[in-house]
Amino acid sequence: MSSRPIITLLTDFGLADAYVGSMKGVIASLAPEANVIDISHEVPPGDLLRGGMVWAAATPCFPRGTVHVAVIDPEVGGDRRILALQAKGALYLAPDNGLIGYVLERSDIRRAVHVARESCYREPVSPTFHGRDIFAPVAAKLATGLPLDQLGPEVTDCRLSTIPQPERSVRPGCVEERGEVVYIDRFGNATTNLRPLAGLRLEELAVRKTRLGSLRKTYSEVGRGEPLVIVGSTGYLEVAVNEGRAADTLGLAVGGEVLARWGEG
Amino acid sequence: MSSRPIITLLTDFGLADAYVGSMKGVIASLAPEANVIDISHEVPPGDLLRGGMVWAAATPCFPRGTVHVAVIDPEVGGDRRILALQAKGALYLAPDNGLIGYVLERSDIRRAVHVARESCYREPVSPTFHGRDIFAPVAAKLATGLPLDQLGPEVTDCRLSTIPQPERSVRPGCVEERGEVVYIDRFGNATTNLRPLAGLRLEELAVRKTRLGSLRKTYSEVGRGEPLVIVGSTGYLEVAVNEGRAADTLGLAVGGEVLARWGEG
Amino acid sequence: MSSRPIITLLTDFGLADAYVGSMKGVIASLAPEANVIDISHEVPPGDLLRGGMVWAAATPCFPRGTVHVAVIDPEVGGDRRILALQAKGALYLAPDNGLIGYVLERSDIRRAVHVARESCYREPVSPTFHGRDIFAPVAAKLATGLPLDQLGPEVTDCRLSTIPQPERSVRPGCVEERGEVVYIDRFGNATTNLRPLAGLRLEELAVRKTRLGSLRKTYSEVGRGEPLVIVGSTGYLEVAVNEGRAADTLGLAVGGEVLARWGEG
């Protein structure tokens, strides 16, 4: 592990306004040696599921000791708390709106505090921009070694949203699942909430009018422009089109139903 | 203050072309220890007002000694000068097209020079890309300690645009202002050119067909989807919709009229 | 040259998904001192010509020793190789799909290897995300000094695409060229595949219905809104409109024909 602390940023601020630059200015003022790395700022405003999926995909790639900051915070300025958590060898800072649940399970959390100590804030705190005035200075302080319990009182009841769970029916030699599309990426690949089932073989995956056969290992196992189902880079089943855009070709959208039938290998 | 110099970049170059990467390559060649931080590259081409608003919002968040570079420069290659200024404990580098006025007042400026010394440029200078060939190398040299007066002759007549000023009429116990929308952000919030008036209470703010009452402290003081007026994170009155998009809901655009009536507290 | 290694990234991943952040997390884990600089992530999916033009424009601005990584890789997971090359005082890492040819000529290449040694990969390797699992860890290892020949066997037959070459007809005192538009930038400027011809004067450049006269030195040599032809910042002839958008005004698109007539100076 490097002696140079890492802070990652995930927001729905976009890159056109001054919001991200302002947060980085505050961090540079308080933790000049920190290596600030963008995960994404293009989460659609307030989209917790999409933000959570991006956070869950990227954070495991970072080294131990990283401070992961997420500001997707439609209730900014209201009653919602800001939480700092220690888990999985890293620190997490996010509003208590469920976002953390996409990344952490309750059993992962070693310690969680409500970030309530105002001496850790930038003064005065704007009620509309806690990213600059609370998240950024607190992240800088965590990155430079401030212990979690200096930020505020311990909490045990944080909100932990999760991606929707598929329904599953099990019969001898056969498992059927009813899941859904949970993410569409830039390439039009559709991530589902289904994972490979150990010891079973995917017999069919049905999305809208398309019926796909067995799980492929690479895009190029099917012809150019042909659809397939594959285990995506985050471990979920993904519907793709070789060198094409599955979402457009097959008419897929987040929330759309996906039916899987598994048989014995 | 850190020993690692900071250079911030604000441009209208976007992130799809090679322009920003080229500037960063030149800076990395000449000032390898500099911490280069993006404010934004998504200013619409040539939009000095929007660029100036973003620059004014972000630059105060950075530490003393930062070198702030802005390249929104529709007259690149023409007669306009490039200026380097010392002000507010930081250095500013920008074309002399008024942009600096959104950030600095004449009284802030300790020293201003015309960046004319060609030995500080990257050779040969492309007439269409001063960002790479003049702004980047000069920023690197400033960040590594080159004194301002080594860049060219002192100037005293730089252009300083400002956001449009509201009209104000004062009567006993009542102030009326005619201002305008000057910025719409990613969330559809509309920043005006009006600020809170000390000792007075906002009685009404009218934009298009909407009449808003007193100033709110947080978005959540009104119902979800309801409009409000609040002091935004840069200190100006902002028209917003709680968990919604004011610009879309209320039909607001930059330049649109805003009428405020203030009374005694 | 700095002791802090530089890694540049060019991808078609966009900034909305977790892909770029994931790559940066892997690099930060393995080469914490590396300075990771984005060239662009907004290359349209699979667009090798556009990606190659951006790579060719930006890479020459970086210092010797830089590791340049490009992941525009529609055949990811298939049979295409990943190559690491030493050339022009820097290292290049890219799929063997021709992309490298926009930046390097065969004669530039000092050494090229097929990145085949799996102990340099992140395990397990996702068949759909070699950016995270092969390109990022290999870039980190190159930046921290791993010799090229530790990555896999030397190769001599890599694919090198180039921008389309113009047709040229030479007569006494006159050269005529038939070229094309190869790039449109954010400002609507249209880069062609034609370069200035030493000792000759551009008499006419014709694009669609527009006939442009001699080569200009700056945009401002013509009136606002008027078209011109100029040598762009990468050395190719560029069709522009002073403070306007040539591509829109003149109806230009990548692939469109450009006819040039050169005479004796």
# chains A, B, ... in the order shown; residues from 1 in each chain; ligands from 1
$ interface_residues --of "chain B" --to "chain C" --cutoff "8 Å" --atoms "only C-alpha atoms" --output "ChimeraX atom specification"
/B:13-26,28-29,32-33,45,74-78,126-129
$ select_by_dssp --residues "region 110-238 of chain C" --states "helix (DSSP H, G or I)" --output "list in words"
Glu118, Ser119, Cys120, His130, Gly131, Arg132, Asp133, Ile134, Phe135, Ala136, Pro137, Val138, Ala139, Ala140, Lys141, Leu142, Ala143, Leu148, Asp149, Gln150, Tyr219, Ser220 and Glu221 of chain C
$ closest_residue --among "B:Arg111, B:Arg122, B:Arg208, B:Lys88" --to "Leu250 (chain B)" --atoms "only C-alpha atoms"
B:Arg208
$ residues_around --residues "Gly98 (chain B)" --least-positions-apart "4" --cutoff "12 Å" --atoms "only C-alpha atoms" --output "list in words"
Gly46, Asp47, Leu48, Leu49, Gly51, Gly52, Ala70, Val71, Ile72, Asp73, Arg80, Arg81, Ile82, Leu83, Ala94, Tyr102, Val103, Leu104, Glu105, Arg106, Asp157, Cys158, Arg159, Leu160, Ser161, Thr162 and Ile163 of chain B
$ write_last_selection --atoms "N, CA and C atoms" --output "PDB file, in the first residue's frame"
ATOM      1  N   GLY B  46     -16.977  28.978 -26.570  1.00  0.00           N
ATOM      2  CA  GLY B  46     -17.023  30.439 -26.580  1.00  0.00           C
ATOM      3  C   GLY B  46     -17.956  31.082 -25.577  1.00  0.00           C
ATOM      4  N   ASP B  47     -18.550  30.331 -24.679  1.00  0.00           N
ATOM      5  CA  ASP B  47     -19.541  30.893 -23.748  1.00  0.00           C
ATOM      6  C   ASP B  47     -18.842  31.485 -22.524  1.00  0.00           C
ATOM      7  N   LEU B  48     -18.505  32.764 -22.625  1.00  0.00           N
ATOM      8  CA  LEU B  48     -17.721  33.415 -21.579  1.00  0.00           C
ATOM      9  C   LEU B  48     -18.523  33.568 -20.284  1.00  0.00           C
ATOM     10  N   LEU B  49     -19.803  33.891 -20.369  1.00  0.00           N
ATOM     11  CA  LEU B  49     -20.597  34.049 -19.145  1.00  0.00           C
ATOM     12  C   LEU B  49     -20.653  32.736 -18.373  1.00  0.00           C
ATOM     13  N   GLY B  51     -18.683  30.091 -18.675  1.00  0.00           N
ATOM     14  CA  GLY B  51     -17.341  29.759 -18.216  1.00  0.00           C
ATOM     15  C   GLY B  51     -16.947  30.588 -17.000  1.00  0.00           C
ATOM     16  N   GLY B  52     -17.277  31.859 -17.050  1.00  0.00           N
ATOM     17  CA  GLY B  52     -16.933  32.737 -15.937  1.00  0.00           C
ATOM     18  C   GLY B  52     -17.653  32.357 -14.654  1.00  0.00           C
ATOM     19  N   ALA B  70      -7.602  29.331 -17.667  1.00  0.00           N
ATOM     20  CA  ALA B  70      -8.883  29.259 -18.393  1.00  0.00           C
ATOM     21  C   ALA B  70      -8.629  29.494 -19.873  1.00  0.00           C
ATOM     22  N   VAL B  71      -9.071  28.550 -20.691  1.00  0.00           N
ATOM     23  CA  VAL B  71      -8.915  28.703 -22.138  1.00  0.00           C
ATOM     24  C   VAL B  71     -10.299  28.620 -22.786  1.00  0.00           C
ATOM     25  N   ILE B  72     -10.974  29.743 -22.784  1.00  0.00           N
ATOM     26  CA  ILE B  72     -12.209  29.901 -23.569  1.00  0.00           C
ATOM     27  C   ILE B  72     -11.869  31.083 -24.444  1.00  0.00           C
ATOM     28  N   ASP B  73     -11.595  30.818 -25.692  1.00  0.00           N
ATOM     29  CA  ASP B  73     -10.724  31.715 -26.453  1.00  0.00           C
ATOM     30  C   ASP B  73     -11.117  31.746 -27.918  1.00  0.00           C
ATOM     31  N   ARG B  80      -5.944  39.400 -29.749  1.00  0.00           N
ATOM     32  CA  ARG B  80      -6.170  39.429 -28.300  1.00  0.00           C
ATOM     33  C   ARG B  80      -4.908  38.962 -27.563  1.00  0.00           C
ATOM     34  N   ARG B  81      -4.671  39.563 -26.407  1.00  0.00           N
ATOM     35  CA  ARG B  81      -3.504  39.196 -25.613  1.00  0.00           C
ATOM     36  C   ARG B  81      -3.839  38.018 -24.696  1.00  0.00           C
ATOM     37  N   ILE B  82      -2.813  37.335 -24.216  1.00  0.00           N
ATOM     38  CA  ILE B  82      -2.972  36.387 -23.109  1.00  0.00           C
ATOM     39  C   ILE B  82      -2.398  37.062 -21.873  1.00  0.00           C
ATOM     40  N   LEU B  83      -3.146  36.993 -20.774  1.00  0.00           N
ATOM     41  CA  LEU B  83      -2.730  37.679 -19.556  1.00  0.00           C
ATOM     42  C   LEU B  83      -2.411  36.690 -18.446  1.00  0.00           C
ATOM     43  N   ALA B  94      -5.309  33.614 -18.617  1.00  0.00           N
ATOM     44  CA  ALA B  94      -6.526  33.599 -19.443  1.00  0.00           C
ATOM     45  C   ALA B  94      -6.357  34.564 -20.601  1.00  0.00           C
ATOM     46  N   TYR B 102     -15.060  37.829 -14.257  1.00  0.00           N
ATOM     47  CA  TYR B 102     -16.026  37.063 -13.469  1.00  0.00           C
ATOM     48  C   TYR B 102     -15.416  36.596 -12.145  1.00  0.00           C
ATOM     49  N   VAL B 103     -14.090  36.584 -12.101  1.00  0.00           N
ATOM     50  CA  VAL B 103     -13.379  36.051 -10.932  1.00  0.00           C
ATOM     51  C   VAL B 103     -12.704  37.163 -10.136  1.00  0.00           C
ATOM     52  N   LEU B 104     -12.165  38.132 -10.841  1.00  0.00           N
ATOM     53  CA  LEU B 104     -11.365  39.166 -10.192  1.00  0.00           C
ATOM     54  C   LEU B 104     -11.952  40.545 -10.448  1.00  0.00           C
ATOM     55  N   GLU B 105     -11.866  41.394  -9.435  1.00  0.00           N
ATOM     56  CA  GLU B 105     -12.140  42.815  -9.644  1.00  0.00           C
ATOM     57  C   GLU B 105     -10.808  43.537  -9.807  1.00  0.00           C
ATOM     58  N   ARG B 106     -10.876  44.730 -10.399  1.00  0.00           N
ATOM     59  CA  ARG B 106      -9.639  45.467 -10.647  1.00  0.00           C
ATOM     60  C   ARG B 106      -8.835  45.638  -9.354  1.00  0.00           C
ATOM     61  N   ASP B 157      -4.583  47.574 -18.304  1.00  0.00           N
ATOM     62  CA  ASP B 157      -5.869  47.856 -18.955  1.00  0.00           C
ATOM     63  C   ASP B 157      -6.624  46.599 -19.366  1.00  0.00           C
ATOM     64  N   CYS B 158      -6.577  45.541 -18.560  1.00  0.00           N
ATOM     65  CA  CYS B 158      -7.217  44.305 -19.016  1.00  0.00           C
ATOM     66  C   CYS B 158      -8.744  44.407 -18.984  1.00  0.00           C
ATOM     67  N   ARG B 159      -9.380  43.608 -19.820  1.00  0.00           N
ATOM     68  CA  ARG B 159     -10.841  43.600 -19.922  1.00  0.00           C
ATOM     69  C   ARG B 159     -11.422  42.767 -18.789  1.00  0.00           C
ATOM     70  N   LEU B 160     -12.441  43.288 -18.144  1.00  0.00           N
ATOM     71  CA  LEU B 160     -13.045  42.605 -16.998  1.00  0.00           C
ATOM     72  C   LEU B 160     -14.559  42.603 -17.162  1.00  0.00           C
ATOM     73  N   SER B 161     -15.089  41.571 -17.806  1.00  0.00           N
ATOM     74  CA  SER B 161     -16.542  41.444 -17.889  1.00  0.00           C
ATOM     75  C   SER B 161     -17.092  41.069 -16.524  1.00  0.00           C
ATOM     76  N   THR B 162     -18.357  41.355 -16.316  1.00  0.00           N
ATOM     77  CA  THR B 162     -19.008  40.936 -15.074  1.00  0.00           C
ATOM     78  C   THR B 162     -20.389  40.410 -15.428  1.00  0.00           C
ATOM     79  N   ILE B 163     -20.989  39.697 -14.512  1.00  0.00           N
ATOM     80  CA  ILE B 163     -22.357  39.273 -14.781  1.00  0.00           C
ATOM     81  C   ILE B 163     -23.237  40.522 -14.799  1.00  0.00           C
TER      82      ILE B 163
END
$ residues_around --residues "region 191-195 of chain A" --least-positions-apart "4" --cutoff "7 Å" --atoms "only C-alpha atoms" --output "ChimeraX atom specification"
/A:165-166,179-184,235-239
$ write_last_selection --atoms "C-alpha atoms" --output "mmCIF file, in the first residue's frame"
data_model
loop_
_atom_site.group_PDB
_atom_site.id
_atom_site.type_symbol
_atom_site.label_atom_id
_atom_site.label_comp_id
_atom_site.auth_asym_id
_atom_site.auth_seq_id
_atom_site.Cartn_x
_atom_site.Cartn_y
_atom_site.Cartn_z
ATOM 1 C CA GLN A 165 -33.658 -10.064 -5.980
ATOM 2 C CA PRO A 166 -34.909 -12.543 -8.588
ATOM 3 C CA GLY A 179 -35.163 -11.569 -12.787
ATOM 4 C CA GLU A 180 -34.789 -8.196 -14.440
ATOM 5 C CA VAL A 181 -32.434 -5.897 -16.281
ATOM 6 C CA VAL A 182 -30.680 -3.664 -13.723
ATOM 7 C CA TYR A 183 -28.138 -1.749 -15.826
ATOM 8 C CA ILE A 184 -27.517 -0.765 -19.435
ATOM 9 C CA GLY A 235 -20.302 -11.511 -12.199
ATOM 10 C CA TYR A 236 -23.920 -11.083 -13.319
ATOM 11 C CA LEU A 237 -25.481 -12.519 -16.462
ATOM 12 C CA GLU A 238 -25.353 -9.957 -19.230
ATOM 13 C CA VAL A 239 -27.250 -9.879 -22.498
#
$ atom_distance --atom1 "CA of Ile100 (chain A)" --atom2 "CA of Ala136 (chain C)"
26.5 Å
$ residues_around --residues "Gly173 (chain C)" --least-positions-apart "6" --cutoff "10 Å" --atoms "only C-alpha atoms" --output "PDB file with C-alpha atoms, in the first residue's frame"
ATOM      1  CA  LEU C 200       3.861  24.979 -53.353  1.00  0.00           C
ATOM      2  CA  TRP C 262      -1.483  23.563 -55.550  1.00  0.00           C
ATOM      3  CA  GLY C 263       0.635  25.856 -57.752  1.00  0.00           C
ATOM      4  CA  GLU C 264       4.137  27.233 -57.687  1.00  0.00           C
ATOM      5  CA  GLY C 265       4.795  29.638 -54.859  1.00  0.00           C
TER       6      GLY C 265
END
$ atom_distance --atom1 "CA of Val241 (chain B)" --atom2 "CA of Ala84 (chain A)"
28.5 Å
$ residues_around --residues "region 149-155 of chain B" --least-positions-apart "2" --cutoff "7 Å" --atoms "only C-alpha atoms" --output "PDB file with N, CA and C atoms, in the first residue's frame"
ATOM      1  N   ALA B 112      -0.426  42.387 -13.300  1.00  0.00           N
ATOM      2  CA  ALA B 112      -0.901  41.705 -14.512  1.00  0.00           C
ATOM      3  C   ALA B 112       0.137  41.900 -15.601  1.00  0.00           C
ATOM      4  N   VAL B 113       0.428  40.827 -16.331  1.00  0.00           N
ATOM      5  CA  VAL B 113       1.384  40.950 -17.443  1.00  0.00           C
ATOM      6  C   VAL B 113       0.795  40.347 -18.720  1.00  0.00           C
ATOM      7  N   HIS B 114       1.265  40.876 -19.815  1.00  0.00           N
ATOM      8  CA  HIS B 114       0.932  40.336 -21.135  1.00  0.00           C
ATOM      9  C   HIS B 114       1.946  39.233 -21.435  1.00  0.00           C
ATOM     10  N   VAL B 115       1.463  38.016 -21.605  1.00  0.00           N
ATOM     11  CA  VAL B 115       2.340  36.853 -21.812  1.00  0.00           C
ATOM     12  C   VAL B 115       2.882  36.915 -23.243  1.00  0.00           C
ATOM     13  N   ALA B 116       4.005  37.599 -23.397  1.00  0.00           N
ATOM     14  CA  ALA B 116       4.505  37.902 -24.740  1.00  0.00           C
ATOM     15  C   ALA B 116       5.880  37.313 -25.017  1.00  0.00           C
ATOM     16  N   ARG B 117       6.516  36.758 -24.000  1.00  0.00           N
ATOM     17  CA  ARG B 117       7.892  36.300 -24.184  1.00  0.00           C
ATOM     18  C   ARG B 117       7.898  34.920 -24.836  1.00  0.00           C
ATOM     19  N   LEU B 146       8.451  30.375 -11.925  1.00  0.00           N
ATOM     20  CA  LEU B 146       8.898  31.503 -12.755  1.00  0.00           C
ATOM     21  C   LEU B 146       8.172  32.776 -12.316  1.00  0.00           C
ATOM     22  N   PRO B 147       8.901  33.855 -12.041  1.00  0.00           N
ATOM     23  CA  PRO B 147       8.224  35.092 -11.635  1.00  0.00           C
ATOM     24  C   PRO B 147       7.405  35.660 -12.792  1.00  0.00           C
ATOM     25  N   ASP B 157      -4.583  47.574 -18.304  1.00  0.00           N
ATOM     26  CA  ASP B 157      -5.869  47.856 -18.955  1.00  0.00           C
ATOM     27  C   ASP B 157      -6.624  46.599 -19.366  1.00  0.00           C
TER      28      ASP B 157
END
$ closest_residue --among "C:Thr11, C:Ser119, C:Val125, C:Gly199" --to "Pro95 (chain C)" --atoms "only C-alpha atoms"
C:Thr11
$ residues_around --residues "Val175 (chain A)" --least-positions-apart "5" --cutoff "6 Å" --atoms "only C-alpha atoms" --output "PyMOL selection string"
chain A and resi 169-170+261-262
$ write_last_selection --atoms "N, CA, C and O atoms" --output "short mmCIF file (atom, residue, chain, number, x, y, z; two decimals), in the first residue's frame"
data_model
loop_
_atom_site.label_atom_id
_atom_site.label_comp_id
_atom_site.auth_asym_id
_atom_site.auth_seq_id
_atom_site.Cartn_x
_atom_site.Cartn_y
_atom_site.Cartn_z
N SER A 169 -37.81 -20.60 -8.57
CA SER A 169 -38.57 -21.82 -8.26
C SER A 169 -37.71 -23.02 -8.60
O SER A 169 -37.11 -23.11 -9.67
N VAL A 170 -37.64 -23.94 -7.63
CA VAL A 170 -36.73 -25.08 -7.75
C VAL A 170 -37.54 -26.36 -7.87
O VAL A 170 -38.43 -26.61 -7.07
N ARG A 261 -33.92 -20.45 -17.29
CA ARG A 261 -34.17 -21.85 -16.92
C ARG A 261 -32.84 -22.58 -16.88
O ARG A 261 -32.06 -22.54 -17.84
N TRP A 262 -32.56 -23.20 -15.75
CA TRP A 262 -31.29 -23.90 -15.53
C TRP A 262 -31.56 -25.40 -15.39
O TRP A 262 -32.54 -25.80 -14.77
#
$ atom_distance --atom1 "CA of Arg216 (chain B)" --atom2 "CA of Gly251 (chain B)"
20.7 Å
